[in-house]
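For reference, target.cif (mmCIF, C-alpha atoms):
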data_final
loop_
_atom_site.label_atom_id
_atom_site.label_comp_id
_atom_site.auth_asym_id
_atom_site.auth_seq_id
_atom_site.Cartn_x
_atom_site.Cartn_y
_atom_site.Cartn_z
CA MET A 12 -13.45 -19.13 10.40
CA PRO A 13 -11.07 -21.79 9.02
CA ALA A 14 -7.83 -20.53 7.46
CA PRO A 15 -8.23 -20.13 3.70
CA VAL A 16 -6.57 -22.61 1.36
CA ALA A 17 -3.68 -20.99 -0.52
CA ASN A 18 -4.81 -19.57 -3.84
CA THR A 19 -2.50 -20.65 -6.65
CA TYR A 20 -2.53 -19.80 -10.34
CA PRO A 21 -1.63 -21.84 -13.43
CA ALA A 22 1.39 -20.73 -15.46
CA ALA A 23 -0.76 -19.14 -18.17
CA ALA A 24 -2.49 -16.89 -15.59
CA VAL A 25 0.87 -15.93 -14.09
CA ASP A 26 2.01 -14.89 -17.57
CA VAL A 27 -1.15 -12.79 -18.02
CA MET A 28 -0.39 -10.97 -14.78
CA LEU A 29 3.33 -10.53 -15.56
CA ALA A 30 2.40 -8.93 -18.88
CA GLU A 31 0.38 -6.28 -17.01
CA ILE A 32 3.01 -5.35 -14.42
CA ARG A 33 5.10 -2.26 -15.09
CA PHE A 34 8.27 -3.06 -13.17
CA ASP A 35 10.41 -0.05 -12.25
CA PRO A 36 13.93 0.47 -13.66
CA GLN A 37 15.28 -1.81 -10.90
CA GLY A 38 12.87 -4.54 -12.00
CA LEU A 39 10.69 -4.16 -8.90
CA VAL A 40 7.06 -3.38 -8.14
CA PRO A 41 5.58 -2.40 -4.76
CA ALA A 42 3.17 -4.92 -3.24
CA ILE A 43 0.75 -4.02 -0.46
CA ALA A 44 -0.22 -6.95 1.77
CA GLN A 45 -3.73 -6.71 3.24
CA GLN A 46 -5.36 -9.18 5.63
CA HIS A 47 -8.16 -10.59 3.49
CA ASP A 48 -10.96 -10.58 6.06
CA SER A 49 -10.27 -7.68 8.42
CA GLY A 50 -8.95 -5.28 5.77
CA GLU A 51 -5.90 -4.47 7.91
CA VAL A 52 -2.99 -3.16 5.83
CA LEU A 53 -0.15 -5.35 7.06
CA MET A 54 2.94 -4.16 5.20
CA MET A 55 4.34 -2.96 1.91
CA ALA A 56 7.32 -4.62 0.30
CA TRP A 57 8.74 -5.14 -3.19
CA MET A 58 8.50 -7.99 -5.67
CA ASP A 59 10.72 -8.77 -8.61
CA ARG A 60 9.52 -10.91 -11.52
CA ASN A 61 10.50 -14.15 -9.80
CA ALA A 62 8.82 -13.18 -6.53
CA VAL A 63 5.58 -12.65 -8.48
CA ILE A 64 5.97 -16.06 -10.12
CA GLU A 65 6.79 -17.78 -6.82
CA THR A 66 3.88 -16.08 -5.02
CA MET A 67 1.29 -16.88 -7.66
CA THR A 68 2.52 -20.42 -8.32
CA THR A 69 2.88 -21.56 -4.72
CA GLY A 70 0.32 -19.40 -2.87
CA ARG A 71 3.01 -18.38 -0.37
CA VAL A 72 3.85 -14.68 -0.58
CA CYS A 73 7.45 -13.85 -1.56
CA TYR A 74 9.22 -10.51 -1.84
CA TRP A 75 12.52 -9.06 -2.95
CA SER A 76 14.61 -7.48 -0.20
CA ARG A 77 16.18 -4.30 -1.54
CA THR A 78 18.60 -4.05 1.38
CA ARG A 79 19.74 -7.68 1.41
CA ARG A 80 19.34 -8.10 -2.37
CA VAL A 81 17.76 -11.55 -2.02
CA ARG A 82 14.36 -13.04 -2.65
CA TRP A 83 12.61 -13.65 0.58
CA ARG A 84 9.70 -16.00 1.22
CA LYS A 85 7.83 -14.38 4.09
CA GLY A 86 7.87 -16.56 7.20
CA ASP A 87 10.56 -19.05 6.18
CA THR A 88 12.54 -18.08 9.28
CA SER A 89 9.85 -16.84 11.68
CA GLY A 90 6.94 -19.06 10.68
CA HIS A 91 4.93 -15.87 10.11
CA ILE A 92 3.86 -16.83 6.63
CA GLN A 93 1.39 -15.11 4.31
CA THR A 94 -1.04 -17.41 2.54
CA LEU A 95 -2.23 -15.91 -0.73
CA VAL A 96 -5.98 -15.27 -1.06
CA ASP A 97 -6.10 -12.92 -4.08
CA PHE A 98 -3.57 -11.18 -6.31
CA ARG A 99 -4.66 -7.81 -7.72
CA ILE A 100 -3.05 -5.11 -9.83
CA ASP A 101 -3.91 -1.43 -10.04
CA CYS A 102 -5.09 0.71 -12.93
CA ASP A 103 -1.57 1.75 -13.96
CA GLY A 104 0.00 -1.67 -13.48
CA ASP A 105 2.63 -0.27 -11.16
CA THR A 106 1.32 -1.41 -7.75
CA LEU A 107 0.13 -4.80 -6.52
CA LEU A 108 -2.36 -5.60 -3.77
CA VAL A 109 -2.04 -9.08 -2.30
CA LEU A 110 -4.86 -10.25 -0.07
CA VAL A 111 -3.41 -12.70 2.40
CA ASP A 112 -4.07 -14.71 5.49
CA GLN A 113 -1.29 -13.71 7.89
CA THR A 114 -0.01 -16.35 10.27
CA GLY A 115 1.33 -14.69 13.43
CA VAL A 116 2.55 -11.15 12.81
CA ALA A 117 3.58 -9.29 9.65
CA CYS A 118 6.09 -6.86 11.14
CA HIS A 119 9.68 -7.77 11.99
CA THR A 120 9.19 -5.84 15.25
CA GLY A 121 6.61 -8.40 16.41
CA ARG A 122 3.58 -6.20 15.75
CA HIS A 123 0.67 -7.43 13.65
CA ASN A 124 1.27 -4.73 11.05
CA CYS A 125 4.12 -2.40 10.12
CA PHE A 126 2.16 0.89 10.24
CA PHE A 127 2.26 1.29 13.99
CA ARG A 128 3.67 4.82 14.27
CA ALA A 129 1.42 7.89 14.26
CA ILE A 130 1.20 11.32 15.86
CA ARG A 131 -0.76 11.47 19.11
CA GLU A 132 -0.84 14.68 21.16
CA GLY A 133 1.95 16.07 19.00
CA LYS A 134 4.34 13.16 19.59
CA LEU A 135 5.23 10.11 17.52
CA ARG A 136 3.58 7.17 19.31
CA GLU A 137 3.42 3.41 18.81
CA ILE A 138 -0.26 2.58 18.36
CA VAL A 139 -0.02 -1.20 17.77
CA PRO A 140 1.17 -3.56 20.52
CA VAL A 141 4.09 -5.98 20.28
CA LEU A 142 2.63 -9.50 20.22
CA VAL A 143 5.67 -11.66 19.51
CA ASP A 144 9.31 -11.59 20.62
CA THR A 145 10.96 -11.70 17.20
CA GLU A 146 14.38 -12.04 18.79
CA LYS A 147 13.22 -15.61 19.42
CA THR A 148 11.26 -16.30 16.20
CA GLY A 149 13.54 -14.58 13.72
CA LYS A 150 12.64 -11.44 11.86
CA ASP A 151 11.38 -12.24 8.39
CA MET B 24 -22.12 8.18 9.92
CA PRO B 25 -21.19 11.86 9.41
CA ALA B 26 -18.07 12.56 7.34
CA PRO B 27 -15.05 12.98 9.60
CA VAL B 28 -13.56 16.42 10.13
CA ALA B 29 -10.16 16.75 8.43
CA ASN B 30 -7.34 15.84 10.78
CA THR B 31 -4.60 18.46 10.71
CA TYR B 32 -1.29 18.62 12.53
CA PRO B 33 0.70 21.52 13.97
CA ALA B 34 4.04 22.38 12.35
CA ALA B 35 6.01 20.74 15.16
CA ALA B 36 4.22 17.41 14.60
CA VAL B 37 4.79 17.66 10.84
CA ASP B 38 8.49 18.11 11.55
CA VAL B 39 8.48 15.05 13.81
CA MET B 40 6.97 13.00 10.99
CA LEU B 41 9.31 14.42 8.33
CA ALA B 42 12.28 13.45 10.47
CA GLU B 43 11.11 9.81 10.44
CA ILE B 44 10.49 9.50 6.69
CA ARG B 45 13.21 7.90 4.61
CA PHE B 46 12.63 9.48 1.23
CA ASP B 47 14.06 7.58 -1.74
CA PRO B 48 16.86 9.00 -3.93
CA GLN B 49 14.21 10.89 -5.95
CA GLY B 50 12.92 12.48 -2.74
CA LEU B 51 9.72 10.43 -2.76
CA VAL B 52 7.96 8.00 -0.44
CA PRO B 53 5.06 5.67 -1.32
CA ALA B 54 1.76 6.44 0.42
CA ILE B 55 -1.07 3.93 0.63
CA ALA B 56 -4.52 5.50 0.94
CA GLN B 57 -7.03 3.42 2.89
CA GLN B 58 -10.69 4.26 3.52
CA HIS B 59 -10.71 4.80 7.29
CA ASP B 60 -13.91 2.95 8.16
CA SER B 61 -14.28 0.14 5.62
CA GLY B 62 -10.58 -0.73 5.39
CA GLU B 63 -10.71 -0.64 1.57
CA VAL B 64 -7.29 0.00 0.02
CA LEU B 65 -8.06 2.83 -2.39
CA MET B 66 -4.78 3.58 -4.15
CA MET B 67 -1.06 3.97 -3.80
CA ALA B 68 0.75 7.11 -4.91
CA TRP B 69 3.90 9.04 -4.03
CA MET B 70 4.57 12.01 -1.79
CA ASP B 71 7.49 14.38 -1.79
CA ARG B 72 8.40 16.43 1.27
CA ASN B 73 6.04 19.24 0.35
CA ALA B 74 3.14 16.86 -0.30
CA VAL B 75 3.62 15.48 3.22
CA ILE B 76 3.63 19.02 4.64
CA GLU B 77 0.55 20.04 2.62
CA THR B 78 -1.34 16.86 3.55
CA MET B 79 -0.63 17.09 7.28
CA THR B 80 -1.12 20.84 7.52
CA THR B 81 -4.37 21.11 5.55
CA GLY B 82 -5.96 17.67 6.10
CA ARG B 83 -6.43 17.32 2.33
CA VAL B 84 -4.32 14.53 0.85
CA CYS B 85 -1.71 15.61 -1.73
CA TYR B 86 0.68 13.55 -3.82
CA TRP B 87 3.56 14.00 -6.23
CA SER B 88 2.88 12.88 -9.79
CA ARG B 89 5.98 11.12 -11.11
CA THR B 90 4.73 11.23 -14.70
CA ARG B 91 3.61 14.86 -14.73
CA ARG B 92 6.28 16.00 -12.25
CA VAL B 93 3.87 18.21 -10.33
CA ARG B 94 2.34 18.19 -6.89
CA TRP B 95 -1.24 17.15 -7.06
CA ARG B 96 -3.95 17.78 -4.49
CA LYS B 97 -6.32 14.86 -4.94
CA GLY B 98 -9.74 15.99 -6.11
CA ASP B 99 -8.91 19.57 -7.13
CA THR B 100 -10.16 18.80 -10.63
CA SER B 101 -12.66 15.99 -10.07
CA GLY B 102 -14.00 16.89 -6.65
CA HIS B 103 -12.99 13.39 -5.52
CA ILE B 104 -11.04 14.63 -2.53
CA GLN B 105 -9.44 12.64 0.27
CA THR B 106 -10.00 14.01 3.77
CA LEU B 107 -7.21 13.01 6.12
CA VAL B 108 -8.19 10.92 9.15
CA ASP B 109 -4.80 9.56 10.30
CA PHE B 110 -1.22 9.71 9.03
CA ARG B 111 0.92 6.66 9.84
CA ILE B 112 4.45 5.53 9.02
CA ASP B 113 5.86 2.03 8.92
CA CYS B 114 8.62 0.37 10.92
CA ASP B 115 11.33 1.24 8.38
CA GLY B 116 10.12 4.77 7.71
CA ASP B 117 9.93 4.14 3.98
CA THR B 118 6.16 3.71 3.47
CA LEU B 119 3.22 5.83 4.62
CA LEU B 120 -0.36 4.77 5.32
CA VAL B 121 -2.92 7.57 5.13
CA LEU B 122 -6.36 6.80 6.47
CA VAL B 123 -8.81 8.94 4.58
CA ASP B 124 -12.44 9.63 3.93
CA GLN B 125 -12.80 9.37 0.15
CA THR B 126 -15.35 11.64 -1.51
CA GLY B 127 -16.62 10.00 -4.71
CA VAL B 128 -14.08 7.61 -6.23
CA ALA B 129 -10.32 7.22 -5.78
CA CYS B 130 -9.45 5.83 -9.22
CA HIS B 131 -9.06 7.97 -12.34
CA THR B 132 -11.05 5.28 -14.19
CA GLY B 133 -14.13 6.08 -12.10
CA ARG B 134 -13.88 3.03 -9.86
CA HIS B 135 -13.93 3.35 -6.09
CA ASN B 136 -10.41 1.91 -5.83
CA CYS B 137 -7.49 1.35 -8.20
CA PHE B 138 -6.97 -2.36 -7.50
CA PHE B 139 -9.76 -3.61 -9.71
CA ARG B 140 -7.89 -6.11 -11.87
CA ALA B 141 -7.47 -9.75 -10.80
CA ILE B 142 -7.36 -13.22 -12.33
CA ARG B 143 -10.71 -15.01 -12.55
CA GLU B 144 -11.00 -18.34 -14.38
CA GLY B 145 -7.53 -17.81 -15.80
CA LYS B 146 -8.29 -14.40 -17.33
CA LEU B 147 -7.59 -10.85 -16.18
CA ARG B 148 -10.96 -9.44 -15.09
CA GLU B 149 -12.24 -6.13 -13.76
CA ILE B 150 -13.75 -6.89 -10.37
CA VAL B 151 -14.80 -3.36 -9.30
CA PRO B 152 -17.55 -1.49 -11.16
CA VAL B 153 -17.21 1.94 -12.77
CA LEU B 154 -19.29 4.36 -10.68
CA VAL B 155 -18.42 7.73 -12.23
CA ASP B 156 -17.79 8.97 -15.76
CA THR B 157 -14.42 10.63 -15.21
CA GLU B 158 -14.45 11.99 -18.75
CA LYS B 159 -16.95 14.44 -17.26
CA THR B 160 -15.50 14.98 -13.78
CA GLY B 161 -11.82 15.11 -14.70
CA LYS B 162 -9.33 12.45 -13.71
CA ASP B 163 -7.41 13.46 -10.64
#
For the file at hand, write its structure as structure tokens.
Amino acid sequence: MPAPVANTYPAAAVDVMLAEIRFDPQGLVPAIAQQHDSGEVLMMAWMDRNAVIETMTTGRVCYWSRTRRVRWRKGDTSGHIQTLVDFRIDCDGDTLLVLVDQTGVACHTGRHNCFFRAIREGKLREIVPVLVDTEKTGKD
Amino acid sequence: MPAPVANTYPAAAVDVMLAEIRFDPQGLVPAIAQQHDSGEVLMMAWMDRNAVIETMTTGRVCYWSRTRRVRWRKGDTSGHIQTLVDFRIDCDGDTLLVLVDQTGVACHTGRHNCFFRAIREGKLREIVPVLVDTEKTGKD
């Protein structure tokens, strides 16, 4: 299947979406990134108002890093970009679901998704393999 | 396919998981619920420490309601329960992914999932149909 073309939205549609989002007291909203075709949940991160605008306007998914306190366009360092396929909001307006086409891996550890730890035989195990050496690619 | 049997964990495994979770200053962690077989992202809600314990011990998914300030075992009112299939934690320990088998619908609006609003032709549209009248079933 060819990679999808980035989905972008005109300014009026971005405003419609912004009006529906209930940002938290820090001005942030959680955004779940899901691979559009496989359904794999890749990661969860946070967006501020400008990350929403940047994501919807450019079709390249952007987040707000709470630890580094900077906006962060996924893949700018590593090349592991997320191309926007659809931008959805939940019933309460306080969580976003972005359907994406992930280039490379989503997780800074080099795994395809961030949810790679689960209990197996009573122990915490890593259930997703490392695919990329992110010491070499960078870790965004 | 038969419905999966609820996955439950012994106390020692629950403790292993609790030790990995980085609860926020309010003592909460976001939990994404995903239908285990289809990959559909059903909802996102919050768990406190006791909701994690209850979920992992009983195999019935429980959350913490931030608005009502009560623990909330999904489906106790509506019958729309979530049977636990797998309990995963992300790289940073600050987001959970629960794979579930959803009975009925996940959304309090009667839709199968909460992420039913998206932009279509420049307008905010509802892209998931209402399947259940939750005025009759209750809305948990």
**Asked** Given the file above and the PyMOL selection byres ((chain A) within 8 of (chain B)), which residues are selected, and can you give them as a PyMOL selection string?
**Response** chain A and resi 20-21+23-24+27-28+49-52+54-55+97-102+106-108+118+120+125-130+133-135
Chain fit of chain A to chain B, all Cα atoms, as an mmCIF file with C-alpha atoms, in the frame of the given file:
data_model
loop_
_atom_site.group_PDB
_atom_site.id
_atom_site.type_symbol
_atom_site.label_atom_id
_atom_site.label_comp_id
_atom_site.auth_asym_id
_atom_site.auth_seq_id
_atom_site.Cartn_x
_atom_site.Cartn_y
_atom_site.Cartn_z
ATOM 1 C CA MET A 12 -22.124 8.191 9.919
ATOM 2 C CA PRO A 13 -21.196 11.869 9.409
ATOM 3 C CA ALA A 14 -18.076 12.564 7.336
ATOM 4 C CA PRO A 15 -15.042 12.974 9.592
ATOM 5 C CA VAL A 16 -13.558 16.421 10.135
ATOM 6 C CA ALA A 17 -10.167 16.733 8.428
ATOM 7 C CA ASN A 18 -7.343 15.834 10.780
ATOM 8 C CA THR A 19 -4.610 18.465 10.709
ATOM 9 C CA TYR A 20 -1.287 18.627 12.518
ATOM 10 C CA PRO A 21 0.681 21.549 13.970
ATOM 11 C CA ALA A 22 4.025 22.396 12.365
ATOM 12 C CA ALA A 23 6.015 20.757 15.166
ATOM 13 C CA ALA A 24 4.210 17.420 14.606
ATOM 14 C CA VAL A 25 4.789 17.671 10.856
ATOM 15 C CA ASP A 26 8.502 18.123 11.564
ATOM 16 C CA VAL A 27 8.484 15.047 13.829
ATOM 17 C CA MET A 28 6.977 12.996 11.016
ATOM 18 C CA LEU A 29 9.311 14.418 8.338
ATOM 19 C CA ALA A 30 12.294 13.449 10.485
ATOM 20 C CA GLU A 31 11.114 9.815 10.443
ATOM 21 C CA ILE A 32 10.506 9.507 6.698
ATOM 22 C CA ARG A 33 13.234 7.898 4.616
ATOM 23 C CA PHE A 34 12.636 9.489 1.227
ATOM 24 C CA ASP A 35 14.072 7.578 -1.735
ATOM 25 C CA PRO A 36 16.865 8.999 -3.932
ATOM 26 C CA GLN A 37 14.210 10.877 -5.946
ATOM 27 C CA GLY A 38 12.930 12.473 -2.739
ATOM 28 C CA LEU A 39 9.713 10.434 -2.756
ATOM 29 C CA VAL A 40 7.960 7.999 -0.441
ATOM 30 C CA PRO A 41 5.063 5.673 -1.320
ATOM 31 C CA ALA A 42 1.768 6.438 0.418
ATOM 32 C CA ILE A 43 -1.064 3.923 0.639
ATOM 33 C CA ALA A 44 -4.521 5.492 0.937
ATOM 34 C CA GLN A 45 -7.029 3.401 2.905
ATOM 35 C CA GLN A 46 -10.685 4.246 3.534
ATOM 36 C CA HIS A 47 -10.716 4.786 7.291
ATOM 37 C CA ASP A 48 -13.919 2.930 8.151
ATOM 38 C CA SER A 49 -14.280 0.131 5.603
ATOM 39 C CA GLY A 50 -10.572 -0.723 5.381
ATOM 40 C CA GLU A 51 -10.699 -0.634 1.572
ATOM 41 C CA VAL A 52 -7.274 0.004 0.033
ATOM 42 C CA LEU A 53 -8.053 2.827 -2.375
ATOM 43 C CA MET A 54 -4.783 3.593 -4.148
ATOM 44 C CA MET A 55 -1.047 3.972 -3.791
ATOM 45 C CA ALA A 56 0.743 7.099 -4.907
ATOM 46 C CA TRP A 57 3.903 9.027 -4.033
ATOM 47 C CA MET A 58 4.566 12.007 -1.795
ATOM 48 C CA ASP A 59 7.497 14.371 -1.797
ATOM 49 C CA ARG A 60 8.421 16.427 1.270
ATOM 50 C CA ASN A 61 6.035 19.235 0.353
ATOM 51 C CA ALA A 62 3.141 16.858 -0.304
ATOM 52 C CA VAL A 63 3.618 15.478 3.224
ATOM 53 C CA ILE A 64 3.619 19.009 4.640
ATOM 54 C CA GLU A 65 0.556 20.039 2.622
ATOM 55 C CA THR A 66 -1.342 16.861 3.568
ATOM 56 C CA MET A 67 -0.621 17.086 7.276
ATOM 57 C CA THR A 68 -1.121 20.851 7.519
ATOM 58 C CA THR A 69 -4.363 21.104 5.565
ATOM 59 C CA GLY A 70 -5.959 17.666 6.089
ATOM 60 C CA ARG A 71 -6.431 17.328 2.322
ATOM 61 C CA VAL A 72 -4.318 14.536 0.846
ATOM 62 C CA CYS A 73 -1.703 15.617 -1.724
ATOM 63 C CA TYR A 74 0.689 13.556 -3.822
ATOM 64 C CA TRP A 75 3.554 14.002 -6.233
ATOM 65 C CA SER A 76 2.879 12.857 -9.791
ATOM 66 C CA ARG A 77 5.973 11.111 -11.115
ATOM 67 C CA THR A 78 4.720 11.219 -14.702
ATOM 68 C CA ARG A 79 3.589 14.852 -14.737
ATOM 69 C CA ARG A 80 6.283 15.978 -12.268
ATOM 70 C CA VAL A 81 3.865 18.198 -10.334
ATOM 71 C CA ARG A 82 2.340 18.174 -6.891
ATOM 72 C CA TRP A 83 -1.234 17.147 -7.080
ATOM 73 C CA ARG A 84 -3.952 17.767 -4.505
ATOM 74 C CA LYS A 85 -6.321 14.843 -4.954
ATOM 75 C CA GLY A 86 -9.749 15.981 -6.129
ATOM 76 C CA ASP A 87 -8.910 19.556 -7.125
ATOM 77 C CA THR A 88 -10.175 18.806 -10.633
ATOM 78 C CA SER A 89 -12.665 15.973 -10.074
ATOM 79 C CA GLY A 90 -14.008 16.886 -6.645
ATOM 80 C CA HIS A 91 -12.988 13.391 -5.509
ATOM 81 C CA ILE A 92 -11.042 14.621 -2.529
ATOM 82 C CA GLN A 93 -9.439 12.635 0.286
ATOM 83 C CA THR A 94 -10.002 14.015 3.765
ATOM 84 C CA LEU A 95 -7.208 13.008 6.120
ATOM 85 C CA VAL A 96 -8.194 10.912 9.155
ATOM 86 C CA ASP A 97 -4.798 9.570 10.304
ATOM 87 C CA PHE A 98 -1.220 9.708 9.045
ATOM 88 C CA ARG A 99 0.928 6.663 9.851
ATOM 89 C CA ILE A 100 4.449 5.541 9.030
ATOM 90 C CA ASP A 101 5.860 2.030 8.926
ATOM 91 C CA CYS A 102 8.629 0.379 10.908
ATOM 92 C CA ASP A 103 11.343 1.256 8.378
ATOM 93 C CA GLY A 104 10.116 4.781 7.701
ATOM 94 C CA ASP A 105 9.929 4.132 3.986
ATOM 95 C CA THR A 106 6.160 3.710 3.477
ATOM 96 C CA LEU A 107 3.218 5.830 4.607
ATOM 97 C CA LEU A 108 -0.354 4.766 5.320
ATOM 98 C CA VAL A 109 -2.912 7.558 5.128
ATOM 99 C CA LEU A 110 -6.361 6.800 6.479
ATOM 100 C CA VAL A 111 -8.816 8.941 4.583
ATOM 101 C CA ASP A 112 -12.440 9.633 3.939
ATOM 102 C CA GLN A 113 -12.804 9.376 0.159
ATOM 103 C CA THR A 114 -15.338 11.630 -1.504
ATOM 104 C CA GLY A 115 -16.614 9.989 -4.701
ATOM 105 C CA VAL A 116 -14.086 7.602 -6.221
ATOM 106 C CA ALA A 117 -10.320 7.216 -5.801
ATOM 107 C CA CYS A 118 -9.443 5.828 -9.225
ATOM 108 C CA HIS A 119 -9.057 7.960 -12.347
ATOM 109 C CA THR A 120 -11.043 5.268 -14.192
ATOM 110 C CA GLY A 121 -14.135 6.084 -12.112
ATOM 111 C CA ARG A 122 -13.887 3.029 -9.863
ATOM 112 C CA HIS A 123 -13.918 3.355 -6.083
ATOM 113 C CA ASN A 124 -10.414 1.917 -5.827
ATOM 114 C CA CYS A 125 -7.496 1.361 -8.192
ATOM 115 C CA PHE A 126 -6.967 -2.369 -7.494
ATOM 116 C CA PHE A 127 -9.768 -3.600 -9.701
ATOM 117 C CA ARG A 128 -7.891 -6.119 -11.859
ATOM 118 C CA ALA A 129 -7.471 -9.752 -10.803
ATOM 119 C CA ILE A 130 -7.362 -13.217 -12.339
ATOM 120 C CA ARG A 131 -10.710 -14.999 -12.557
ATOM 121 C CA GLU A 132 -11.001 -18.323 -14.394
ATOM 122 C CA GLY A 133 -7.525 -17.786 -15.813
ATOM 123 C CA LYS A 134 -8.285 -14.375 -17.335
ATOM 124 C CA LEU A 135 -7.578 -10.834 -16.178
ATOM 125 C CA ARG A 136 -10.963 -9.442 -15.092
ATOM 126 C CA GLU A 137 -12.253 -6.128 -13.764
ATOM 127 C CA ILE A 138 -13.751 -6.890 -10.356
ATOM 128 C CA VAL A 139 -14.815 -3.363 -9.296
ATOM 129 C CA PRO A 140 -17.562 -1.482 -11.157
ATOM 130 C CA VAL A 141 -17.227 1.939 -12.777
ATOM 131 C CA LEU A 142 -19.297 4.373 -10.700
ATOM 132 C CA VAL A 143 -18.422 7.737 -12.227
ATOM 133 C CA ASP A 144 -17.801 8.977 -15.771
ATOM 134 C CA THR A 145 -14.426 10.632 -15.222
ATOM 135 C CA GLU A 146 -14.457 12.014 -18.747
ATOM 136 C CA LYS A 147 -16.982 14.451 -17.273
ATOM 137 C CA THR A 148 -15.491 14.997 -13.785
ATOM 138 C CA GLY A 149 -11.823 15.106 -14.703
ATOM 139 C CA LYS A 150 -9.335 12.455 -13.749
ATOM 140 C CA ASP A 151 -7.405 13.461 -10.662
#
**Request:** Check which residues satisfy the PyMOL selection byres ((chain A and resi 70) around 9) in the file shown, then give them as a PyMOL selection string.
**Result:** chain A and resi 16-20+65-69+71-72+93-96
May I have the residues from that selection written out with C-alpha atoms, as a compact mmCIF listing (two decimals), in the frame of the given file?
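Listed below is the output, out.txt:
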# COMPACT_ATOMS: atom_id res chain seq x y z
CA VAL A 16 -6.57 -22.61 1.36
CA ALA A 17 -3.68 -20.99 -0.52
CA ASN A 18 -4.81 -19.57 -3.84
CA THR A 19 -2.50 -20.65 -6.65
CA TYR A 20 -2.53 -19.80 -10.34
CA GLU A 65 6.79 -17.78 -6.82
CA THR A 66 3.88 -16.08 -5.02
CA MET A 67 1.29 -16.88 -7.66
CA THR A 68 2.52 -20.42 -8.32
CA THR A 69 2.88 -21.56 -4.72
CA ARG A 71 3.01 -18.38 -0.37
CA VAL A 72 3.85 -14.68 -0.58
CA GLN A 93 1.39 -15.11 4.31
CA THR A 94 -1.04 -17.41 2.54
CA LEU A 95 -2.23 -15.91 -0.73
CA VAL A 96 -5.98 -15.27 -1.06
**Message:** Taking 6 positions as the minimum chain separation for residues in the same chain, which residues sit within 8 Å of Thr88 (chain A) when counting all atoms listed in the file? Answer as number ranges by chain.
**Reply:** A: 148-151
Box for region 85-88 of chain A - axis-aligned, 8 Å on each of the six sides, all listed atoms - centre and size in Å to one decimal, as AutoDock Vina command-line options.
--center_x 10.2 --center_y -16.7 --center_z 6.7 --size_x 20.7 --size_y 20.7 --size_z 21.2
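CA of His59 (chain B) is found 4.9 Å from CA of Leu122 (chain B).
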**Request:** Please evaluate the PyMOL selection byres ((chain A and resi 142) around 8) against the structure above and give the resulting residues as an NGL selection string.
**Result:** :A and (116 or 121-123 or 140-141 or 143-144)
**Asked** What separation in Å, quoted to one decimal, exists between CA of Leu51 (chain B) and CA of Trp69 (chain B)?
**Response** 6.1 Å
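Of note, CA of Val93 (chain B) and CA of Gly38 (chain A) are spaced 24.5 Å apart.
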